[in-house]
Amino acid sequence: QVQLVESGGGLVQPGGSLRVSCVVSGIIFSIYPMGWYRQGPGKQRELVAGFSSSGSTSYTDSVKGRFTISRDYAKHTLYLQMNSLKPEDTAVYYCNVVLGGSNYWGQGTQVTVSS
């Protein structure tokens, strides 16, 4: 059974940093596409950063140079390091894995950027 459990969200001031984590269980960690999505207030869910099945990374334009996706194979954990945060980064952040054509999601973690 695939399970994704996020943690690390919170309240941070503009310009600050935060790292969110996602522990993934039930799959071979390294061979499936996985990434981070977010859904802000009144907005559609969007892909923020991801790993392809070959291991290449991609980022949405609005976070390039500020966010970094990484993973720890030993801990089966996916990370998103977020720097220079802006109020528009406020959203619920979701971890995602694509397995056999199906999407699996974590419960989400709230990130709020506000002074």
# chains A, B, ... in the order shown; residues from 1 in each chain; ligands from 1

call {"tool": "residues_around", "arguments": {"residues": "Met34 in chain A", "least_positions_apart": "5", "cutoff": "8 Å", "atoms": "only C-alpha atoms", "output": "list in words"}}
result
Gly50, Phe51, Ser52, Ser53, Cys95, Asn96, Val97 and Val98 of chain A

call {"tool": "atom_distance", "arguments": {"atom1": "CA of Arg19 in chain A", "atom2": "CA of Gly101 in chain A"}}
result
28.2 Å

call {"tool": "residues_around", "arguments": {"residues": "Gln1 in chain A", "least_positions_apart": "2", "cutoff": "8 Å", "atoms": "only C-alpha atoms", "output": "number ranges by chain"}}
result
A: 3, 25-27

call {"tool": "write_last_selection", "arguments": {"atoms": "N, CA and C atoms", "output": "PDB file, in the first residue's frame"}}
result
ATOM      1  N   GLN A   3       1.843   4.914   0.734  1.00  0.00           N
ATOM      2  CA  GLN A   3       1.501   5.955   1.712  1.00  0.00           C
ATOM      3  C   GLN A   3       2.486   7.101   1.607  1.00  0.00           C
ATOM      4  N   SER A  25       6.186   5.359   1.508  1.00  0.00           N
ATOM      5  CA  SER A  25       6.309   3.933   1.793  1.00  0.00           C
ATOM      6  C   SER A  25       5.446   3.139   0.818  1.00  0.00           C
ATOM      7  N   GLY A  26       5.829   1.867   0.629  1.00  0.00           N
ATOM      8  CA  GLY A  26       5.027   0.977  -0.203  1.00  0.00           C
ATOM      9  C   GLY A  26       5.454   0.889  -1.646  1.00  0.00           C
ATOM     10  N   ILE A  27       6.527   1.609  -2.038  1.00  0.00           N
ATOM     11  CA  ILE A  27       7.002   1.544  -3.412  1.00  0.00           C
ATOM     12  C   ILE A  27       8.525   1.498  -3.427  1.00  0.00           C
TER      13      ILE A  27
END

call {"tool": "residues_around", "arguments": {"residues": "range 40-46 of chain A", "least_positions_apart": "3", "cutoff": "10 Å", "atoms": "only C-alpha atoms", "output": "list in words"}}
result
Trp36, Tyr37, Ala49, Thr60, Glu88, Asp89, Thr90, Ala91, Val92, Tyr93, Tyr94, Gln110, Val111 and Thr112 of chain A

call {"tool": "residues_around", "arguments": {"residues": "Ser21 in chain A", "least_positions_apart": "6", "cutoff": "6 Å", "atoms": "only C-alpha atoms", "output": "PyMOL selection string"}}
result
chain A and resi 6-7+78-79

call {"tool": "select_by_dssp", "arguments": {"residues": "chain A", "states": "strand (DSSP E or B)", "output": "MDAnalysis selection string"}}
result
chainID A and resid 3:7 10:12 18:25 34:39 46:51 57:59 67:72 77:82 91:99 102:105 109:113

call {"tool": "residues_around", "arguments": {"residues": "Val24 in chain A", "least_positions_apart": "4", "cutoff": "7 Å", "atoms": "only C-alpha atoms", "output": "number ranges by chain"}}
result
A: 3-5, 76-77

call {"tool": "write_last_selection", "arguments": {"atoms": "N, CA and C atoms", "output": "mmCIF file, in the first residue's frame"}}
result
data_model
loop_
_atom_site.group_PDB
_atom_site.id
_atom_site.type_symbol
_atom_site.label_atom_id
_atom_site.label_comp_id
_atom_site.auth_asym_id
_atom_site.auth_seq_id
_atom_site.Cartn_x
_atom_site.Cartn_y
_atom_site.Cartn_z
ATOM 1 N N GLN A 3 1.843 4.914 0.734
ATOM 2 C CA GLN A 3 1.501 5.955 1.712
ATOM 3 C C GLN A 3 2.486 7.101 1.607
ATOM 4 N N LEU A 4 1.967 8.314 1.685
ATOM 5 C CA LEU A 4 2.775 9.519 1.649
ATOM 6 C C LEU A 4 2.374 10.383 2.841
ATOM 7 N N VAL A 5 3.346 10.774 3.640
ATOM 8 C CA VAL A 5 3.063 11.562 4.829
ATOM 9 C C VAL A 5 3.963 12.793 4.825
ATOM 10 N N HIS A 76 13.770 7.178 2.377
ATOM 11 C CA HIS A 76 12.550 7.176 1.559
ATOM 12 C C HIS A 76 11.782 8.492 1.721
ATOM 13 N N THR A 77 12.513 9.574 1.681
ATOM 14 C CA THR A 77 11.926 10.881 1.956
ATOM 15 C C THR A 77 12.190 11.843 0.815
#

call {"tool": "closest_residue", "arguments": {"among": "A:Lys75, A:Asn83, A:Gly35, A:Val48", "to": "Asp61 in chain A", "atoms": "only C-alpha atoms"}}
result
A:Val48

call {"tool": "decode", "arguments": {"residues": "range 40-58 of chain A", "atoms": "C-alpha atoms", "output": "mmCIF file, in the first residue's frame"}}
result
data_model
loop_
_atom_site.group_PDB
_atom_site.id
_atom_site.type_symbol
_atom_site.label_atom_id
_atom_site.label_comp_id
_atom_site.auth_asym_id
_atom_site.auth_seq_id
_atom_site.Cartn_x
_atom_site.Cartn_y
_atom_site.Cartn_z
ATOM 1 C CA GLY A 40 -3.411 28.188 -2.917
ATOM 2 C CA PRO A 41 -6.658 29.820 -1.775
ATOM 3 C CA GLY A 42 -9.095 29.915 -4.684
ATOM 4 C CA LYS A 43 -6.547 28.408 -7.058
ATOM 5 C CA GLN A 44 -6.134 25.122 -8.882
ATOM 6 C CA ARG A 45 -3.557 22.624 -7.739
ATOM 7 C CA GLU A 46 -0.286 23.125 -9.610
ATOM 8 C CA LEU A 47 2.962 21.211 -9.969
ATOM 9 C CA VAL A 48 5.755 23.044 -8.159
ATOM 10 C CA ALA A 49 8.719 20.697 -8.620
ATOM 11 C CA GLY A 50 9.212 17.095 -9.589
ATOM 12 C CA PHE A 51 11.463 14.171 -10.412
ATOM 13 C CA SER A 52 10.850 12.227 -13.614
ATOM 14 C CA SER A 53 11.272 8.451 -13.703
ATOM 15 C CA SER A 54 14.788 9.032 -15.065
ATOM 16 C CA GLY A 55 15.655 11.293 -12.150
ATOM 17 C CA SER A 56 15.644 14.631 -13.917
ATOM 18 C CA THR A 57 14.120 17.583 -12.088
ATOM 19 C CA SER A 58 11.724 20.277 -13.204
#
